[in-house]
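Below is one structure, written out as structure tokens, with a few remarks after it.
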Amino acid sequence: MKRLIAQKVMEALLPSLSKEQCLQKWIKVQAHAQIHPRVKMQLPLRYLFQEKASKEELLQVGSEVTRRIELDDQVIGCDISEKDNGPCLAFYVDSRAFVESTILEFQRHLKMGSCIPHLKREWSEKTVAIDFSSPNIAKPFHMGHLRSTILGAFLGNLFEFLGSRVVRINYLGDWGTQFGILQEGMYREGTKEEDFQGDPLHTLYQLYVHANQLADTDPQFAERGREWFTRMEKGDRDALQLWDVIRTLSVQEFQKIYDRLGIKFDHYDGESLYNKSWVEGILEDLRRAGLLMKDDKGREVVSVSPKGQVVLVKSDGSLVYLTRDVAAAMDRWERFHFHRMFYVIDNSQAQHITSLVEILRQKGVEWVDRCIHVSFGRLRGLSTRKGTAVFLDDILDEAKLKMKHQQALSPTTRDYTEEVADNLGITAVIINDFKQRRTKDYDFSWDRALQSTGESGIALQYAHSRLCSLEENCGVSLPNQWESLSLADLGLNPQATLLAAQLSRVDEVMEESVARLEPCIIVKYLFSLRDAVNKAFKVLQVKGEEEATAMARLALFTSARHILAQLLKILNITPLRKM
């Protein structure tokens, strides 16, 4: 409906504006028109101007639109109204035509696999690479990686849904002196491979902590750890064999968490991929270009603004994390030729990404602006019954346990299984995170996350399962073609009209979410959709109604369920049919 009105506004203005100017206004109408419950759309007239305009100019353009706009059986009126934000164009829509066209348009798009075909045309076949999660090996999956993991999964699902070729990269923290120190600790303890049976990551972590404590107090131990890492960098077979055991065990354990969350990766890369011999060619290019210079401490540095100089090579010849990131970016371009390269890294790494982009820019790569930092804030206050928790599996287990307890107490529980409890726990954690703006720090609350009503993941799952139950038990089924249904009559009911208005918003919600790379836009929309569904449930009986009425109402609810399910999947949540 917003696209229809935008088209009509453009056509009304075309005699006095160029096609390019009208296109700009068409985009602004879609972005800023607001749907009201009684099927009236309002557009503040100031959005039709590139710059600030006087009230007289606003009213003049508004009068021109109202005089020239072409009305039809859907858009039945247009006038100017005065609001707090200035003069507005008010478009009046016939509720019966609006509801019918909304549902039929949705079904047509559903047959094509999407309710947003214009976005699919824009992103189809484009390669989107995403660097996310990136835990450190030899440690259990830390809670600090949760937001990167679920946000990266969301972005992958979003662009895959739009038809992009998505490349999911897990850039592991798997290289550095700390792993030489770990190997010295394992050597001193006489660690054998069978010692890692049961819980290998926690065993490795205990060895890691103990070895680093020794390195802090015993200079000789620390030196031997550095020697191990030097051997690794030189390709020593024995040193790399032990490191490979550590890495393999870590990835196997990480995969259990990813499987539980329903997350997949195309590539498990890591810092180890970009060792000194690999990076040397890039460093030599920077030296020849006069970009890499030695400072008075013997380090090789690059000048970047506004930080000044950043180190790429230490005085002892060793590389820093930024150096490997430059190499990784170059390598990814050669491998994937991406349209976008998203780095899903927290806010504290903003300067690091800025330095990376600036070095790439100075190097003269043409694709530098395709590298985007998708930043996010910190999660605070997570704990379990055992106290402060830092590991993700502890949090997921706690969420599952709490959901099992809630299910056992609830008289409405229909499907009491371990899998459902785990799904609900994961849903609760994800939605509780995604309802925040991604750049915002927030304090976690189990009570808020696990509430069964209000703005919670459990409430969204309940709405979906309730819609599934309606479809299964209502006594009617929908035909393949919906044009024969009495959909227009739904427009006589205010709650049906309100639900249709929410359905019609899905394309603008997706557009905004893609533009801002922001899951909270989808989550807030889902809460609004859920509220509209609940209100419609109270007045739109399906079972036992006359067949034509029942089928029309079922089409409305089925449309809502499809949207709810698809958007939950994009958020990396499996919709439940029963709970």
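Lettering and numbering for the structure tokens are positional, with chains as A, B, ... in the shown order, residues counted from 1 in each chain, and ligands counted from 1 in the shown order.
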Which of segment 392-571 of chain A counts as alpha helix (DSSP H) under DSSP, as a PyMOL selection string please? chain A and resi 392-409+418-434+446-449+457-473+494-503+506-516+519-539+547-570
Hey, what does DSSP flag as strand (DSSP E) within segment 7-208 of chain A? Can you give it to me as a count of residues only? 38
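Using only C-alpha atoms for every distance, the candidate list A:Ser504, A:Asp489, A:Asn572, A:Leu498 yields A:Leu498 as the residue closest to Ala536 of chain A.
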Would you kindly return, as a PyMOL selection string, each protein, DNA or RNA residue with an atom no farther than 8 Å from any atom of segment 476-478 of chain A, considering only C-alpha atoms and excluding same-chain residues fewer than 6 positions away? chain A and resi 543+547+550-551+554-555
Extract, using only C-alpha atoms, all DNA, RNA and protein residues at most 8 Å from Thr177 of chain A, discarding same-chain residues fewer than 5 positions from it, and format them as number ranges by chain. A: 225-226, 229
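Shortest separation to Ile522 of chain A among A:Ala501, A:Leu158, A:Ala328, A:Leu283 occurs at residue A:Leu158, atoms counted being only C-alpha atoms.
Every protein, DNA or RNA residue with an atom at most 10 Å from Leu567 of chain A, where only C-alpha atoms count and chain neighbours fewer than 3 positions away do not, is listed here: Asn157, Leu158, Phe161, Val506, Met510, Pro519, Ile522, Val523, Tyr525, Leu526, Arg561, His562, Ile563, Leu564, Ile570, Leu571, Asn572, Ile573 and Pro575 of chain A.
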Shell around segment 245-252 of chain A at 9 Å using only C-alpha atoms, local window under 3 positions removed, as an MDAnalysis selection string: chainID A and resid 136:140 174 193 196 200:201 204 240:242 255:256 268
Store the residues picked out above in a file with C-alpha atoms, as a tab-separated table (two decimals), in the first residue's frame.
```
chain	number	residue	atom	x	y	z
A	136	ASN	CA	39.83	-18.47	21.04
A	137	ILE	CA	40.95	-22.09	20.89
A	138	ALA	CA	41.93	-23.95	24.07
A	139	LYS	CA	39.16	-22.16	25.97
A	140	PRO	CA	35.47	-22.97	26.46
A	174	ASP	CA	44.43	-19.81	17.16
A	193	GLU	CA	45.88	-37.30	24.25
A	196	PHE	CA	41.29	-34.95	26.89
A	200	PRO	CA	38.56	-31.56	26.43
A	201	LEU	CA	37.99	-27.80	26.37
A	204	LEU	CA	42.72	-27.48	27.95
A	240	LEU	CA	52.64	-27.87	14.90
A	241	GLN	CA	51.40	-31.40	15.54
A	242	LEU	CA	50.65	-30.63	19.18
A	255	GLN	CA	30.79	-27.30	16.82
A	256	LYS	CA	28.61	-28.83	19.54
A	268	TYR	CA	37.01	-22.19	9.92
```
